[in-house]
Amino acid sequence: MNGKDLFGKLGGTTAQALVVAGFLLALLAPLLPRYQAAGAAGAKAEYEKAAGLVDLDLELFRKAEEAKLGEGAADPTFFGQQQEQQAGLRRAVEKKKEELETKHRVAARKRAMIESQAGASGSRLYLLIGWLGRLLLILGLLTLTLESDGMRQKVLLLILLVVLFSALTGVSLGFEAQGHLGSGP
């Protein structure tokens with residue numbers, strides 16, 4: 001091949017780099033949605049943790065305040081005073097709830113959770129990356145096939161055909177690492 005046509009310019013090391021880059025992009029594209037889903041799950045866990053801490057602290061505060069009111073309830077009080085004490089307790093609990101939500105940054109964590117869930121559900125970038133990876137892989141293999149001769153050309157042509165058919169049928173290259181720490185199912 002001469003260096004004036006497209007495949008002549010892509011020959012040699014460039015074609016090998018295209019094959020490697022295409023293969024890596026095709027393998028890594030399916031991992032992007034899982035990475036985004038893991039981020040959304042982490043944000044949801046942070047929000048739930050903060051909300052749980054607020055609820056726990058609020059329940060402890062409510063019990064302590066009710067215990068204080070219970071000590072003072074031994075003396076005879078009027079019905080109006082009891083209602084006033086209950087209203088004061090509700091106001092104190094609401095104030096404490098706002099204070100705890102600010103302390104644990106519940107609103108910010110909920111916003112982060114919603115944004116990460118929306119980002120994970122709406123992203124289709126991995127499809128473009130997978131398509132680009134297949135394109136680079138096909139282009140690199142085609143260039144190497146046209147450059148080579150003999151048995152090497154036949155092997156590369158077979159690999160190229162497998163990649164082309166998998167790209168046409170939608171079969172994607174992917175790998176998944178799964179494991180368990182400790183005793184698990």
# chains A, B, ... in the order shown; residues from 1 in each chain; ligands from 1
$ closest_atom_pairs --of "region 15-75 of chain A" --to "region 99-114 of chain A" --cutoff "7 Å" --atoms "only C-alpha atoms" --output "CSV"
residue,atom,partner,partner_atom,distance
A:Ala40,CA,A:Met113,CA,6.2
A:Ala43,CA,A:Met113,CA,4.7
A:Lys44,CA,A:Met113,CA,5.2
A:Glu46,CA,A:Arg109,CA,6.7
A:Tyr47,CA,A:Arg109,CA,5.1
A:Ala50,CA,A:His104,CA,5.7
A:Ala51,CA,A:Val106,CA,6.4
A:Val54,CA,A:Leu100,CA,5.7
$ closest_residue --among "A:Ala120, A:Leu125, A:Leu135, A:Leu144" --to "Gly39 (chain A)" --atoms "only C-alpha atoms"
A:Ala120
$ atom_distance --atom1 "CA of Pro30 (chain A)" --atom2 "CA of Glu48 (chain A)"
28.1 Å
$ residues_around --residues "Leu157 (chain A)" --least-positions-apart "4" --cutoff "7 Å" --atoms "only C-alpha atoms" --output "list in words"
Thr145, Gln153 and Leu161 of chain A
$ write_last_selection --atoms "C-alpha atoms" --output "short mmCIF file (atom, residue, chain, number, x, y, z; two decimals), in the first residue's frame"
data_model
loop_
_atom_site.label_atom_id
_atom_site.label_comp_id
_atom_site.auth_asym_id
_atom_site.auth_seq_id
_atom_site.Cartn_x
_atom_site.Cartn_y
_atom_site.Cartn_z
CA THR A 145 -5.97 -7.05 7.34
CA GLN A 153 -4.34 -11.95 6.74
CA LEU A 161 -15.70 -10.69 10.44
#
$ residues_around --residues "Arg62 (chain A)" --least-positions-apart "2" --cutoff "9 Å" --atoms "only C-alpha atoms" --output "NGL selection string"
:A and (57-60 or 64-67 or 89-90 or 92-93)
$ residues_around --residues "Tyr35 (chain A)" --least-positions-apart "6" --cutoff "12 Å" --atoms "only C-alpha atoms" --output "PyMOL selection string"
chain A and resi 28-29+41-42+116-117+119-121+123+126
$ closest_residue --among "A:Arg124, A:Leu132, A:Phe61, A:Leu69" --to "Lys97 (chain A)" --atoms "only C-alpha atoms"
A:Phe61
